[in-house]
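Q: To be precise about what I am sending: the file is called input-v4.pdb and holds PDB, C-alpha atoms and all ligand atoms.
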```pdb
ATOM      1  CA  MET N   6      34.992  31.769  12.316  1.00  0.00           C
ATOM      2  CA  ALA N   7      38.257  30.525  10.994  1.00  0.00           C
ATOM      3  CA  VAL N   8      41.490  29.034  12.206  1.00  0.00           C
ATOM      4  CA  LYS N   9      43.586  31.603  14.032  1.00  0.00           C
ATOM      5  CA  VAL N  10      47.253  31.475  13.140  1.00  0.00           C
ATOM      6  CA  ARG N  11      50.006  33.111  15.192  1.00  0.00           C
ATOM      7  CA  ILE N  12      52.903  34.203  13.018  1.00  0.00           C
ATOM      8  CA  PRO N  13      56.380  34.482  14.605  1.00  0.00           C
ATOM      9  CA  THR N  14      58.283  37.779  14.353  1.00  0.00           C
ATOM     10  CA  PRO N  15      60.684  36.642  11.573  1.00  0.00           C
ATOM     11  CA  LEU N  16      57.764  35.773   9.271  1.00  0.00           C
ATOM     12  CA  GLN N  17      55.672  38.856   9.993  1.00  0.00           C
ATOM     13  CA  ARG N  18      57.445  40.626   7.115  1.00  0.00           C
ATOM     14  CA  LEU N  19      55.457  38.241   4.876  1.00  0.00           C
ATOM     15  CA  THR N  20      52.106  39.019   6.531  1.00  0.00           C
ATOM     16  CA  GLY N  21      52.389  42.803   6.411  1.00  0.00           C
ATOM     17  CA  GLY N  22      53.417  42.910  10.047  1.00  0.00           C
ATOM     18  CA  GLN N  23      50.400  40.955  11.274  1.00  0.00           C
ATOM     19  CA  GLU N  24      50.934  38.618  14.197  1.00  0.00           C
ATOM     20  CA  LEU N  25      47.494  37.049  14.029  1.00  0.00           C
ATOM     21  CA  VAL N  26      46.071  35.920  10.687  1.00  0.00           C
ATOM     22  CA  GLU N  27      43.206  33.666   9.658  1.00  0.00           C
ATOM     23  CA  GLY N  28      43.326  30.422   7.763  1.00  0.00           C
ATOM     24  CA  LYS N  29      41.006  27.744   6.428  1.00  0.00           C
ATOM     25  CA  PRO N  30      40.216  24.582   8.371  1.00  0.00           C
ATOM     26  CA  GLY N  31      41.741  21.360   7.070  1.00  0.00           C
ATOM     27  CA  THR N  32      45.045  19.599   7.581  1.00  0.00           C
ATOM     28  CA  ILE N  33      48.149  21.529   8.594  1.00  0.00           C
ATOM     29  CA  ILE N  34      49.599  21.164   5.115  1.00  0.00           C
ATOM     30  CA  GLU N  35      46.348  22.496   3.592  1.00  0.00           C
ATOM     31  CA  LEU N  36      46.534  25.385   6.018  1.00  0.00           C
ATOM     32  CA  VAL N  37      50.109  26.106   4.880  1.00  0.00           C
ATOM     33  CA  ASN N  38      48.890  26.161   1.261  1.00  0.00           C
ATOM     34  CA  ASP N  39      46.018  28.460   2.207  1.00  0.00           C
ATOM     35  CA  LEU N  40      48.465  30.835   3.951  1.00  0.00           C
ATOM     36  CA  GLU N  41      50.713  30.742   0.866  1.00  0.00           C
ATOM     37  CA  SER N  42      47.779  31.898  -1.289  1.00  0.00           C
ATOM     38  CA  LYS N  43      47.271  34.890   1.026  1.00  0.00           C
ATOM     39  CA  PHE N  44      50.886  35.605   1.867  1.00  0.00           C
ATOM     40  CA  PRO N  45      53.093  34.509  -1.027  1.00  0.00           C
ATOM     41  CA  GLY N  46      56.439  33.176   0.136  1.00  0.00           C
ATOM     42  CA  ILE N  47      55.278  31.937   3.509  1.00  0.00           C
ATOM     43  CA  GLY N  48      54.692  28.386   2.239  1.00  0.00           C
ATOM     44  CA  GLU N  49      58.351  27.630   1.581  1.00  0.00           C
ATOM     45  CA  ARG N  50      59.331  29.185   4.912  1.00  0.00           C
ATOM     46  CA  LEU N  51      57.062  26.732   6.702  1.00  0.00           C
ATOM     47  CA  SER N  52      57.435  23.560   4.702  1.00  0.00           C
ATOM     48  CA  GLU N  53      59.631  21.809   2.222  1.00  0.00           C
ATOM     49  CA  GLY N  54      58.362  18.920   0.083  1.00  0.00           C
ATOM     50  CA  GLY N  55      55.148  18.675   2.091  1.00  0.00           C
ATOM     51  CA  LYS N  56      56.976  18.464   5.416  1.00  0.00           C
ATOM     52  CA  ILE N  57      57.232  21.159   8.063  1.00  0.00           C
ATOM     53  CA  ARG N  58      60.781  22.508   8.177  1.00  0.00           C
ATOM     54  CA  ARG N  59      63.181  21.427  10.838  1.00  0.00           C
ATOM     55  CA  PHE N  60      63.556  23.880  13.750  1.00  0.00           C
ATOM     56  CA  VAL N  61      60.011  25.169  13.212  1.00  0.00           C
ATOM     57  CA  ASN N  62      57.481  24.107  15.843  1.00  0.00           C
ATOM     58  CA  ILE N  63      53.779  24.154  15.061  1.00  0.00           C
ATOM     59  CA  TYR N  64      51.230  23.845  17.818  1.00  0.00           C
ATOM     60  CA  VAL N  65      47.493  23.317  17.551  1.00  0.00           C
ATOM     61  CA  ASN N  66      46.150  25.025  20.632  1.00  0.00           C
ATOM     62  CA  GLU N  67      48.719  23.775  23.184  1.00  0.00           C
ATOM     63  CA  GLU N  68      49.899  20.629  21.426  1.00  0.00           C
ATOM     64  CA  ASP N  69      52.968  20.197  19.178  1.00  0.00           C
ATOM     65  CA  ILE N  70      51.764  18.605  15.922  1.00  0.00           C
ATOM     66  CA  ARG N  71      54.685  16.122  16.098  1.00  0.00           C
ATOM     67  CA  PHE N  72      52.728  14.469  18.900  1.00  0.00           C
ATOM     68  CA  LEU N  73      49.474  14.628  16.933  1.00  0.00           C
ATOM     69  CA  LYS N  74      49.350  13.614  13.269  1.00  0.00           C
ATOM     70  CA  ALA N  75      52.155  15.923  12.139  1.00  0.00           C
ATOM     71  CA  GLU N  76      51.352  17.528   8.745  1.00  0.00           C
ATOM     72  CA  GLN N  77      48.099  15.536   8.589  1.00  0.00           C
ATOM     73  CA  THR N  78      46.774  17.011  11.863  1.00  0.00           C
ATOM     74  CA  GLU N  79      43.304  18.456  11.288  1.00  0.00           C
ATOM     75  CA  VAL N  80      42.484  21.966  12.425  1.00  0.00           C
ATOM     76  CA  LYS N  81      38.994  23.327  12.717  1.00  0.00           C
ATOM     77  CA  ASP N  82      37.240  26.664  13.118  1.00  0.00           C
ATOM     78  CA  GLY N  83      38.218  28.300  16.381  1.00  0.00           C
ATOM     79  CA  ASP N  84      41.501  26.384  16.749  1.00  0.00           C
ATOM     80  CA  GLU N  85      44.609  28.405  17.343  1.00  0.00           C
ATOM     81  CA  VAL N  86      47.703  27.394  15.425  1.00  0.00           C
ATOM     82  CA  SER N  87      51.016  28.817  16.673  1.00  0.00           C
ATOM     83  CA  ILE N  88      54.176  28.818  14.603  1.00  0.00           C
ATOM     84  CA  VAL N  89      57.201  29.110  16.887  1.00  0.00           C
ATOM     85  CA  PRO N  90      60.897  28.892  15.985  1.00  0.00           C
ATOM     86  CA  ALA N  91      62.637  26.134  17.952  1.00  0.00           C
ATOM     87  CA  ILE N  92      65.369  27.204  20.366  1.00  0.00           C
ATOM     88  CA  ALA N  93      68.599  25.255  20.008  1.00  0.00           C
ATOM     89  CA  GLY N  94      72.353  25.553  19.638  1.00  0.00           C
ATOM     90  CA  GLY N  95      75.576  23.646  19.633  1.00  0.00           C
ATOM     91  CA  VAL N  96      79.316  23.845  19.984  1.00  0.00           C
ATOM     92  CA  PHE N  97      80.451  23.527  16.359  1.00  0.00           C
TER      93      PHE N  97
ATOM     94  CA  MET Y   5      69.746  46.872  23.923  1.00  0.00           C
ATOM     95  CA  THR Y   6      73.277  47.756  25.000  1.00  0.00           C
ATOM     96  CA  HIS Y   7      73.216  45.863  28.301  1.00  0.00           C
ATOM     97  CA  ILE Y   8      71.032  43.607  30.391  1.00  0.00           C
ATOM     98  CA  PHE Y   9      70.436  43.578  34.123  1.00  0.00           C
ATOM     99  CA  ILE Y  10      70.798  40.209  35.834  1.00  0.00           C
ATOM    100  CA  SER Y  11      70.917  40.160  39.630  1.00  0.00           C
ATOM    101  CA  LYS Y  12      73.703  38.320  41.457  1.00  0.00           C
ATOM    102  CA  GLU Y  13      71.127  35.801  42.650  1.00  0.00           C
ATOM    103  CA  HIS Y  14      69.914  35.069  39.115  1.00  0.00           C
ATOM    104  CA  LEU Y  15      73.491  34.817  37.826  1.00  0.00           C
ATOM    105  CA  ASP Y  16      74.243  32.324  40.596  1.00  0.00           C
ATOM    106  CA  ASP Y  17      71.131  30.367  39.634  1.00  0.00           C
ATOM    107  CA  ILE Y  18      72.226  30.146  35.979  1.00  0.00           C
ATOM    108  CA  ILE Y  19      75.730  29.058  37.001  1.00  0.00           C
ATOM    109  CA  SER Y  20      74.416  26.454  39.476  1.00  0.00           C
ATOM    110  CA  HIS Y  21      72.102  25.065  36.819  1.00  0.00           C
ATOM    111  CA  SER Y  22      75.049  24.813  34.401  1.00  0.00           C
ATOM    112  CA  ARG Y  23      77.159  23.049  37.041  1.00  0.00           C
ATOM    113  CA  GLU Y  24      74.388  20.653  37.967  1.00  0.00           C
ATOM    114  CA  VAL Y  25      73.965  19.323  34.441  1.00  0.00           C
ATOM    115  CA  TYR Y  26      77.709  19.440  33.604  1.00  0.00           C
ATOM    116  CA  PRO Y  27      79.183  17.861  31.453  1.00  0.00           C
ATOM    117  CA  LYS Y  28      75.907  18.219  29.528  1.00  0.00           C
ATOM    118  CA  GLU Y  29      74.849  21.633  28.227  1.00  0.00           C
ATOM    119  CA  ALA Y  30      72.294  23.505  30.322  1.00  0.00           C
ATOM    120  CA  CYS Y  31      69.713  25.816  28.770  1.00  0.00           C
ATOM    121  CA  GLY Y  32      66.961  28.137  29.854  1.00  0.00           C
ATOM    122  CA  ILE Y  33      65.025  31.355  29.499  1.00  0.00           C
ATOM    123  CA  LEU Y  34      65.511  34.638  31.330  1.00  0.00           C
ATOM    124  CA  ALA Y  35      62.199  36.451  31.560  1.00  0.00           C
ATOM    125  CA  GLY Y  36      61.630  39.995  32.682  1.00  0.00           C
ATOM    126  CA  LYS Y  37      60.680  43.518  31.726  1.00  0.00           C
ATOM    127  CA  GLY Y  38      62.623  45.724  29.339  1.00  0.00           C
ATOM    128  CA  ASN Y  39      66.197  44.571  29.735  1.00  0.00           C
ATOM    129  CA  THR Y  40      65.862  43.504  33.365  1.00  0.00           C
ATOM    130  CA  VAL Y  41      65.724  39.820  34.201  1.00  0.00           C
ATOM    131  CA  GLU Y  42      63.142  38.907  36.835  1.00  0.00           C
ATOM    132  CA  ARG Y  43      62.908  35.119  36.471  1.00  0.00           C
ATOM    133  CA  VAL Y  44      65.122  32.229  35.505  1.00  0.00           C
ATOM    134  CA  TYR Y  45      63.430  29.281  33.816  1.00  0.00           C
ATOM    135  CA  ARG Y  46      65.650  26.219  33.825  1.00  0.00           C
ATOM    136  CA  MET Y  47      64.706  24.248  30.741  1.00  0.00           C
ATOM    137  CA  LYS Y  48      65.213  20.629  29.813  1.00  0.00           C
ATOM    138  CA  ASN Y  49      67.921  19.984  27.188  1.00  0.00           C
ATOM    139  CA  ILE Y  50      66.285  17.225  25.168  1.00  0.00           C
ATOM    140  CA  ASP Y  51      69.572  16.554  23.346  1.00  0.00           C
ATOM    141  CA  ASP Y  52      71.015  15.556  26.729  1.00  0.00           C
ATOM    142  CA  SER Y  53      74.358  16.331  25.142  1.00  0.00           C
ATOM    143  CA  THR Y  54      77.764  17.789  25.970  1.00  0.00           C
ATOM    144  CA  VAL Y  55      77.893  19.657  22.636  1.00  0.00           C
ATOM    145  CA  THR Y  56      74.338  20.742  21.751  1.00  0.00           C
ATOM    146  CA  TYR Y  57      71.123  21.866  23.326  1.00  0.00           C
ATOM    147  CA  SER Y  58      67.503  21.907  22.188  1.00  0.00           C
ATOM    148  CA  PHE Y  59      64.516  23.000  24.192  1.00  0.00           C
ATOM    149  CA  ASP Y  60      61.634  20.600  24.653  1.00  0.00           C
ATOM    150  CA  SER Y  61      59.011  22.075  22.296  1.00  0.00           C
ATOM    151  CA  GLY Y  62      56.104  21.562  24.691  1.00  0.00           C
ATOM    152  CA  GLU Y  63      57.965  23.081  27.624  1.00  0.00           C
ATOM    153  CA  GLN Y  64      59.141  26.005  25.476  1.00  0.00           C
ATOM    154  CA  PHE Y  65      55.555  26.789  24.449  1.00  0.00           C
ATOM    155  CA  LYS Y  66      54.244  26.505  28.002  1.00  0.00           C
ATOM    156  CA  VAL Y  67      56.922  28.820  29.389  1.00  0.00           C
ATOM    157  CA  MET Y  68      56.522  31.351  26.562  1.00  0.00           C
ATOM    158  CA  LYS Y  69      52.755  31.456  27.224  1.00  0.00           C
ATOM    159  CA  GLU Y  70      53.305  31.911  30.949  1.00  0.00           C
ATOM    160  CA  ILE Y  71      55.776  34.744  30.359  1.00  0.00           C
ATOM    161  CA  GLU Y  72      53.289  36.479  28.060  1.00  0.00           C
ATOM    162  CA  LYS Y  73      50.394  35.961  30.459  1.00  0.00           C
ATOM    163  CA  ASP Y  74      52.403  37.503  33.300  1.00  0.00           C
ATOM    164  CA  GLY Y  75      53.193  40.597  31.247  1.00  0.00           C
ATOM    165  CA  LEU Y  76      56.861  39.719  30.916  1.00  0.00           C
ATOM    166  CA  ARG Y  77      59.029  39.070  27.889  1.00  0.00           C
ATOM    167  CA  MET Y  78      61.886  36.799  26.931  1.00  0.00           C
ATOM    168  CA  VAL Y  79      64.848  39.037  27.781  1.00  0.00           C
ATOM    169  CA  ALA Y  80      67.418  36.333  27.044  1.00  0.00           C
ATOM    170  CA  ILE Y  81      67.977  32.689  26.207  1.00  0.00           C
ATOM    171  CA  TYR Y  82      70.866  31.110  28.105  1.00  0.00           C
ATOM    172  CA  HIS Y  83      72.927  27.982  27.653  1.00  0.00           C
ATOM    173  CA  SER Y  84      76.234  26.606  28.856  1.00  0.00           C
ATOM    174  CA  HIS Y  85      79.432  25.612  27.108  1.00  0.00           C
ATOM    175  CA  THR Y  86      81.386  22.952  28.906  1.00  0.00           C
ATOM    176  CA  SER Y  87      84.688  23.107  27.083  1.00  0.00           C
ATOM    177  CA  SER Y  88      84.678  26.227  24.927  1.00  0.00           C
ATOM    178  CA  PRO Y  89      84.619  29.961  25.627  1.00  0.00           C
ATOM    179  CA  ALA Y  90      81.454  31.896  26.426  1.00  0.00           C
ATOM    180  CA  PHE Y  91      81.045  33.005  22.832  1.00  0.00           C
ATOM    181  CA  PRO Y  92      78.369  31.944  20.299  1.00  0.00           C
ATOM    182  CA  SER Y  93      79.377  28.983  18.147  1.00  0.00           C
ATOM    183  CA  GLN Y  94      78.566  28.692  14.460  1.00  0.00           C
ATOM    184  CA  THR Y  95      75.532  26.540  15.334  1.00  0.00           C
ATOM    185  CA  ASP Y  96      74.398  28.997  18.019  1.00  0.00           C
ATOM    186  CA  ILE Y  97      74.496  31.693  15.344  1.00  0.00           C
ATOM    187  CA  SER Y  98      72.682  29.621  12.675  1.00  0.00           C
ATOM    188  CA  ARG Y  99      69.942  28.623  15.097  1.00  0.00           C
ATOM    189  CA  ALA Y 100      69.342  32.266  16.034  1.00  0.00           C
ATOM    190  CA  PHE Y 101      67.897  32.813  12.547  1.00  0.00           C
ATOM    191  CA  TYR Y 102      64.718  31.454  11.037  1.00  0.00           C
ATOM    192  CA  PRO Y 103      65.566  28.342   8.953  1.00  0.00           C
ATOM    193  CA  GLY Y 104      66.721  29.223   5.456  1.00  0.00           C
ATOM    194  CA  THR Y 105      66.674  32.989   6.079  1.00  0.00           C
ATOM    195  CA  ASP Y 106      68.673  35.736   7.739  1.00  0.00           C
ATOM    196  CA  TYR Y 107      65.676  36.877   9.795  1.00  0.00           C
ATOM    197  CA  GLU Y 108      66.333  36.792  13.526  1.00  0.00           C
ATOM    198  CA  ASN Y 109      64.032  34.359  15.345  1.00  0.00           C
ATOM    199  CA  TYR Y 110      63.814  36.489  18.484  1.00  0.00           C
ATOM    200  CA  PRO Y 111      65.085  39.964  17.567  1.00  0.00           C
ATOM    201  CA  ASP Y 112      64.596  41.492  21.005  1.00  0.00           C
ATOM    202  CA  THR Y 113      66.120  38.633  22.928  1.00  0.00           C
ATOM    203  CA  ALA Y 114      69.773  38.411  23.973  1.00  0.00           C
ATOM    204  CA  TYR Y 115      71.806  35.208  24.166  1.00  0.00           C
ATOM    205  CA  VAL Y 116      73.592  34.544  27.439  1.00  0.00           C
ATOM    206  CA  ILE Y 117      76.362  31.949  27.420  1.00  0.00           C
ATOM    207  CA  VAL Y 118      78.039  30.455  30.476  1.00  0.00           C
ATOM    208  CA  SER Y 119      81.364  28.712  30.037  1.00  0.00           C
ATOM    209  CA  LEU Y 120      82.546  26.157  32.545  1.00  0.00           C
ATOM    210  CA  ALA Y 121      85.720  25.492  30.583  1.00  0.00           C
ATOM    211  CA  TYR Y 122      87.970  27.399  32.989  1.00  0.00           C
ATOM    212  CA  GLU Y 123      88.584  27.539  36.703  1.00  0.00           C
ATOM    213  CA  GLU Y 124      86.057  30.335  37.141  1.00  0.00           C
ATOM    214  CA  PRO Y 125      82.748  30.347  35.253  1.00  0.00           C
ATOM    215  CA  GLU Y 126      82.678  32.908  32.461  1.00  0.00           C
ATOM    216  CA  ILE Y 127      79.347  34.488  31.507  1.00  0.00           C
ATOM    217  CA  ASN Y 128      78.670  36.793  28.574  1.00  0.00           C
ATOM    218  CA  ALA Y 129      75.651  38.226  26.789  1.00  0.00           C
ATOM    219  CA  PHE Y 130      75.294  38.801  23.054  1.00  0.00           C
ATOM    220  CA  LEU Y 131      72.937  40.107  20.434  1.00  0.00           C
ATOM    221  CA  ILE Y 132      73.097  37.867  17.398  1.00  0.00           C
ATOM    222  CA  LYS Y 133      72.205  40.055  14.439  1.00  0.00           C
ATOM    223  CA  LYS Y 134      72.491  39.609  10.714  1.00  0.00           C
ATOM    224  CA  GLY Y 135      76.177  39.819   9.908  1.00  0.00           C
ATOM    225  CA  ALA Y 136      77.258  40.797  13.407  1.00  0.00           C
ATOM    226  CA  ILE Y 137      77.566  39.473  16.894  1.00  0.00           C
ATOM    227  CA  GLU Y 138      77.523  42.191  19.469  1.00  0.00           C
ATOM    228  CA  LYS Y 139      78.674  41.574  22.999  1.00  0.00           C
ATOM    229  CA  ILE Y 140      76.575  43.501  25.498  1.00  0.00           C
ATOM    230  CA  LYS Y 141      77.258  44.258  29.148  1.00  0.00           C
ATOM    231  CA  ILE Y 142      75.714  42.269  31.951  1.00  0.00           C
ATOM    232  CA  LEU Y 143      74.968  44.636  34.823  1.00  0.00           C
ATOM    233  CA  SER Y 144      74.421  43.140  38.210  1.00  0.00           C
ATOM    234  CA  SER Y 145      73.486  44.558  41.567  1.00  0.00           C
TER     235      SER Y 145
HETATM  236 ZN    ZN G 201      76.523  27.404  22.372  1.00  0.00          ZN
END
```
Starting from the coordinates I provided, produce the structure as C-alpha cells.

A:
Amino acid sequence: MAVKVRIPTPLQRLTGGQELVEGKPGTIIELVNDLESKFPGIGERLSEGGKIRRFVNIYVNEEDIRFLKAEQTEVKDGDEVSIVPAIAGGVF
Amino acid sequence: MTHIFISKEHLDDIISHSREVYPKEACGILAGKGNTVERVYRMKNIDDSTVTYSFDSGEQFKVMKEIEKDGLRMVAIYHSHTSSPAFPSQTDISRAFYPGTDYENYPDTAYVIVSLAYEEPEINAFLIKKGAIEKIKILSS
C-alpha cells in the first residue's frame, strides 16, 4: 500500500507519462519531497518555498487541502491525492 | 480539433447563463464525447467579478469526476466577457498553462468565450496552444 497520486496532463512529462504514481504517507509537503526524489523537477512545479503554488489544487480523496490543513495535511496509505490545475481567467 | 459541435439548445443555455450573471463573468464546463458537447455545467464564479472568473475548486473536482465516471470528457471550458470581444485575454492565455511553464493545463480542451459587449451575443471557440491561439469553428445543428 501507498498513497496514490494522480498527476495532471501537463506534469506527466515529468513522470514518464504516468497518470497514477505512488508516494509515501506523511504530510502533503513530505509527499511533494518524496515525489521530487522519484521524479526530479516535479517538486518546484508543485510548491515554492514550502507552499503549494497558486492555481494548483490538491485534493486528498475528495477534499481540497485548503479546507484541511493545507501543506500540513496528513495523507495515509490508501489515500488518493489528486493534483488538478485550477481553472480561471480574466479580462486583462 | 478543428471544430466543436454545440447544439443550438446548448448555445442558448451558455448565453442565458452569461446573461443571468451579467455584469459578472459566467463560467462553466462543456462535457461530451470527442468534439461534441452533450452537457453544459454552469459553474460558480467564486471571484464574483465583472473582470475575472475562477472555478470553485470543490465544484470543479466534483464535476470533473462526474464527467469521467459517465465516460465523457471536458470538451471545452466556457466563460463570458461583459465588455470586451469574444477573444482570449492575456490572463485567459496565462491561466491556460500550468503555473510557471508553457505546458497546457488541458491540452484537449477548447476555450469557448461569450461576449455580451455588443447588441448581439458573440460566441467563439479557441485552442490555446504554446505560442498560438487558434480559433476553431463552432458547428451547430
Ligand atoms: Zn476571458

Q: At a cut-off of 12 Å, using all atoms listed in the file, what residues contact Val65 in chain N? Leave out same-chain residues fewer than 6 positions from it and give the result as a CSV table (one decimal) with C-alpha atoms, keeping the file's coordinate frame.

A:
```csv
chain,number,residue,atom,x,y,z
N,8,VAL,CA,41.5,29.0,12.2
N,9,LYS,CA,43.6,31.6,14.0
N,10,VAL,CA,47.3,31.5,13.1
N,11,ARG,CA,50.0,33.1,15.2
N,30,PRO,CA,40.2,24.6,8.4
N,32,THR,CA,45.0,19.6,7.6
N,33,ILE,CA,48.1,21.5,8.6
N,36,LEU,CA,46.5,25.4,6.0
N,71,ARG,CA,54.7,16.1,16.1
N,72,PHE,CA,52.7,14.5,18.9
N,73,LEU,CA,49.5,14.6,16.9
N,74,LYS,CA,49.4,13.6,13.3
N,75,ALA,CA,52.2,15.9,12.1
N,76,GLU,CA,51.4,17.5,8.7
N,77,GLN,CA,48.1,15.5,8.6
N,78,THR,CA,46.8,17.0,11.9
N,79,GLU,CA,43.3,18.5,11.3
N,80,VAL,CA,42.5,22.0,12.4
N,81,LYS,CA,39.0,23.3,12.7
N,82,ASP,CA,37.2,26.7,13.1
N,83,GLY,CA,38.2,28.3,16.4
N,84,ASP,CA,41.5,26.4,16.7
N,85,GLU,CA,44.6,28.4,17.3
N,86,VAL,CA,47.7,27.4,15.4
N,87,SER,CA,51.0,28.8,16.7
N,88,ILE,CA,54.2,28.8,14.6
N,89,VAL,CA,57.2,29.1,16.9
Y,62,GLY,CA,56.1,21.6,24.7
Y,65,PHE,CA,55.6,26.8,24.4
```

Q: Sorted by chain and rising residue number, which residues of chain N lie within 6 Å of chain Y, and what are their closest atom pairs and distances in Å to one decimal, counting all atoms listed in the file, as CSV?

A:
```
residue,atom,partner,partner_atom,distance
N:Pro15,CA,Y:Tyr107,CA,5.3
N:Ile92,CA,Y:Phe59,CA,5.7
N:Ala93,CA,Y:Ser58,CA,4.1
N:Gly94,CA,Y:Asp96,CA,4.3
N:Gly95,CA,Y:Thr56,CA,3.8
N:Val96,CA,Y:Val55,CA,5.2
N:Phe97,CA,Y:Gln94,CA,5.8
```

Q: Closest to ligand ZN 201 (chain G) among Y:Val41, Y:Val79, Y:Val118, Y:Ala35, using all atoms listed in the file?

A: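 Among the listed residues, Y:Val118 lies closest to ligand ZN 201 (chain G).
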
Q: Which one is closest to ligand ZN 201 (chain G): Y:Ile140, Y:Met47, Y:Leu120, Y:Ala90? Count only C-alpha atoms and all ligand atoms.

A: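 Looking at the shortest contact to ligand ZN 201 (chain G), the residue is Y:Ala90.
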
Q: Hey, what's within 9 Å of Pro45 in chain N if we count only C-alpha atoms and toss same-chain stuff fewer than 3 positions away? As a ChimeraX atom specification, please?

A: /N:19-20,40-42,48

Q: Take the residues that were just selected and, keeping C-alpha atoms, output them as a PDB file, in the coordinates of the input.

A:
```pdb
ATOM      1  CA  LEU N  19      55.457  38.241   4.876  1.00  0.00           C
ATOM      2  CA  THR N  20      52.106  39.019   6.531  1.00  0.00           C
ATOM      3  CA  LEU N  40      48.465  30.835   3.951  1.00  0.00           C
ATOM      4  CA  GLU N  41      50.713  30.742   0.866  1.00  0.00           C
ATOM      5  CA  SER N  42      47.779  31.898  -1.289  1.00  0.00           C
ATOM      6  CA  GLY N  48      54.692  28.386   2.239  1.00  0.00           C
TER       7      GLY N  48
END
```

Q: Looking at N:Pro13, N:Ile63, N:Arg18, N:Lys56, which one is nearest to Phe44 in chain N, with distances taken over all atoms listed in the file?

A: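 Result for the nearest residue to Phe44 in chain N: N:Arg18.
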
Q: Between Y:Phe130, Y:Arg46, Y:Thr113, Y:Lys141, which has the minimum distance to ligand ZN 201 (chain G) (counting all atoms listed in the file)?

A: Y:Phe130

Q: Of the residues Y:Ile71, Y:Lys134, Y:Tyr82, Y:Ile127, which is the one nearest to ligand ZN 201 (chain G), using only C-alpha atoms and all ligand atoms?

A: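 Under the stated criterion, the closest residue is Y:Tyr82.
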
Q: What does the distance from CA of Pro27 in chain Y to CA of Tyr122 in chain Y come to in Å, to one decimal?

A: 13.1 Å

Q: Taking the file above as input, evaluate the PyMOL selection byres (((chain Y and resi 37) around 10) and not hetatm) and report the hits as a ChimeraX atom specification.

A: /Y:35-36,38-43,75-79

Q: Might you spell out which residues the PyMOL selection byres (((chain Y and resi 129) around 7) and not hetatm) would select in the displayed file, as a ChimeraX atom specification?

A: /Y:114-117,128,130,139-142
